[in-house]
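Everything below concerns the one structure shown next.
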Amino acid sequence: MIVAGQSGKESQTIPTILDREFKPDAQAKDGLTALEEFTSRCSGLQGIPIAVGIIPVNALSHVSVPGETRSISCRERLDAILHQVHAVLDYSLLFDPGSSGYVLNIVPTHRLVTDQNGHTKMVQVPLEKR
């Protein structure tokens, strides 16, 4: 994240919570357990809670996420978890000033398409587009 001063000229790079590093467990876990570990460990790095909002529970519960033997950033671990799911997913990490914490939402990626009759609809992006 880059923060500009009042003049808009000076700026300072501030690492986000996803840039912080931690060492995940070395053993493989199901996707939901890996996501719980992710939120717990990354929350503890700055003392700011990360709550899980919208997630594809069934998709995450049926995948295995490999463990790690090295320290990685929270962003890398979240990407590794989501990459195991057999769908293209987007995530948003939103800060809630009221609770002074983050909310993590994970949703399938959709795109807008128009059919031959001119009707527009949202369709899920297929896995091969990842």
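Please note that chains go A, B, ... in the order of the structure tokens, that every chain numbers its residues from 1, and that ligands are numbered from 1 in the order shown.
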List as a ChimeraX atom specification the protein and nucleic acid residues near segment 111-119 of chain A, meaning an atom at most 12 Å away when only C-alpha atoms are counted, but skip any in the same chain fewer than 2 places from it.
/A:88-90,108-109,121-126,129
Give me the residues within 9 Å of segment 21-28 of chain A as a VMD selection string, counting only C-alpha atoms and dropping any in the same chain fewer than 2 places off.
chain A and resid 18 to 19 30 34 37 to 38 41 to 42 45 64 to 75 77
Could you save the residues just selected, with N, CA and C atoms, as a compact mmCIF listing (two decimals), in the first residue's frame?
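This is the output file result_12.txt:
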```txt
# COMPACT_ATOMS: atom_id res chain seq x y z
N LEU A 18 -1.03 -8.68 4.36
CA LEU A 18 -0.74 -9.83 3.50
C LEU A 18 0.73 -9.93 3.12
N ASP A 19 1.50 -8.87 3.35
CA ASP A 19 2.93 -8.91 3.05
C ASP A 19 3.75 -9.48 4.20
N ASP A 30 -6.85 -29.93 5.13
CA ASP A 30 -7.95 -29.63 4.22
C ASP A 30 -8.04 -28.11 4.09
N ALA A 34 -6.70 -25.11 6.62
CA ALA A 34 -5.60 -24.25 6.17
C ALA A 34 -6.02 -22.78 6.19
N GLU A 37 -5.95 -21.65 9.78
CA GLU A 37 -4.57 -21.41 10.18
C GLU A 37 -4.09 -20.07 9.62
N PHE A 38 -4.41 -19.83 8.35
CA PHE A 38 -4.03 -18.57 7.70
C PHE A 38 -4.56 -17.37 8.48
N ARG A 41 -2.87 -17.14 12.11
CA ARG A 41 -1.45 -16.75 12.10
C ARG A 41 -1.27 -15.33 11.57
N CYS A 42 -1.96 -14.97 10.49
CA CYS A 42 -1.80 -13.63 9.92
C CYS A 42 -2.40 -12.56 10.83
N LEU A 45 0.14 -11.63 13.55
CA LEU A 45 1.34 -10.90 13.15
C LEU A 45 1.24 -9.41 13.45
N SER A 64 -7.07 -30.70 -0.48
CA SER A 64 -5.94 -30.83 0.43
C SER A 64 -4.91 -29.77 0.07
N VAL A 65 -4.47 -29.04 1.07
CA VAL A 65 -3.48 -27.97 0.88
C VAL A 65 -2.15 -28.46 1.45
N PRO A 66 -1.11 -28.51 0.63
CA PRO A 66 0.19 -28.98 1.13
C PRO A 66 0.74 -28.07 2.22
N GLY A 67 1.51 -28.66 3.11
CA GLY A 67 2.17 -27.88 4.14
C GLY A 67 3.36 -27.12 3.57
N GLU A 68 3.98 -26.32 4.39
CA GLU A 68 5.15 -25.52 3.97
C GLU A 68 6.28 -25.76 4.95
N THR A 69 7.50 -25.77 4.44
CA THR A 69 8.67 -25.93 5.31
C THR A 69 9.47 -24.64 5.42
N ARG A 70 8.97 -23.57 4.80
CA ARG A 70 9.68 -22.29 4.81
C ARG A 70 8.72 -21.19 5.21
N SER A 71 9.27 -20.06 5.57
CA SER A 71 8.44 -18.89 5.86
C SER A 71 7.98 -18.28 4.55
N ILE A 72 6.70 -17.94 4.48
CA ILE A 72 6.13 -17.32 3.29
C ILE A 72 5.23 -16.17 3.73
N SER A 73 4.89 -15.31 2.79
CA SER A 73 4.00 -14.20 3.11
C SER A 73 2.57 -14.72 3.25
N CYS A 74 1.76 -13.98 3.94
CA CYS A 74 0.34 -14.34 4.07
C CYS A 74 -0.31 -14.39 2.69
N ARG A 75 0.08 -13.50 1.80
CA ARG A 75 -0.47 -13.47 0.44
C ARG A 75 -0.14 -14.77 -0.30
N ARG A 77 0.50 -17.69 1.00
CA ARG A 77 -0.23 -18.82 1.58
C ARG A 77 -1.68 -18.80 1.15
```
Could you find all residues in chain A that DSSP calls helix (DSSP H, G or I) from the backbone, and write them as a PyMOL selection string?
chain A and resi 17-19+31-46+57-61+74-83+127-129
Can you tell me how far atom CA of His83 of chain A sits from atom CA of Leu127 of chain A, in Å to one decimal?
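Distance reported for this atom pair: 10.2 Å.
Of the residues under consideration (A:Phe95, A:His110, A:Gly44, A:Ala87), A:Ala87 shows the shortest atom-to-atom contact distance to Val63 of chain A when counting only C-alpha atoms.
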Between A:Thr120, A:Thr16, A:Thr33, A:Ser40, single out the one closest to Leu93 of chain A, counting only C-alpha atoms.
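Under the stated criterion, the closest residue is A:Thr16.
In this structure, atom CA of Val57 of chain A sits 19.0 Å away from atom CA of Tyr102 of chain A.
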Can you tell me how far atom CA of Asp96 of chain A sits from atom CA of Arg20 of chain A, in Å to one decimal?
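Straight-line distance from atom CA of Asp96 of chain A to atom CA of Arg20 of chain A works out to 19.3 Å.
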May I have the residues within 12 Å of Ser99 of chain A as a PyMOL selection string, using only C-alpha atoms and disregarding those fewer than 5 positions away in the same chain?
chain A and resi 48-51+94
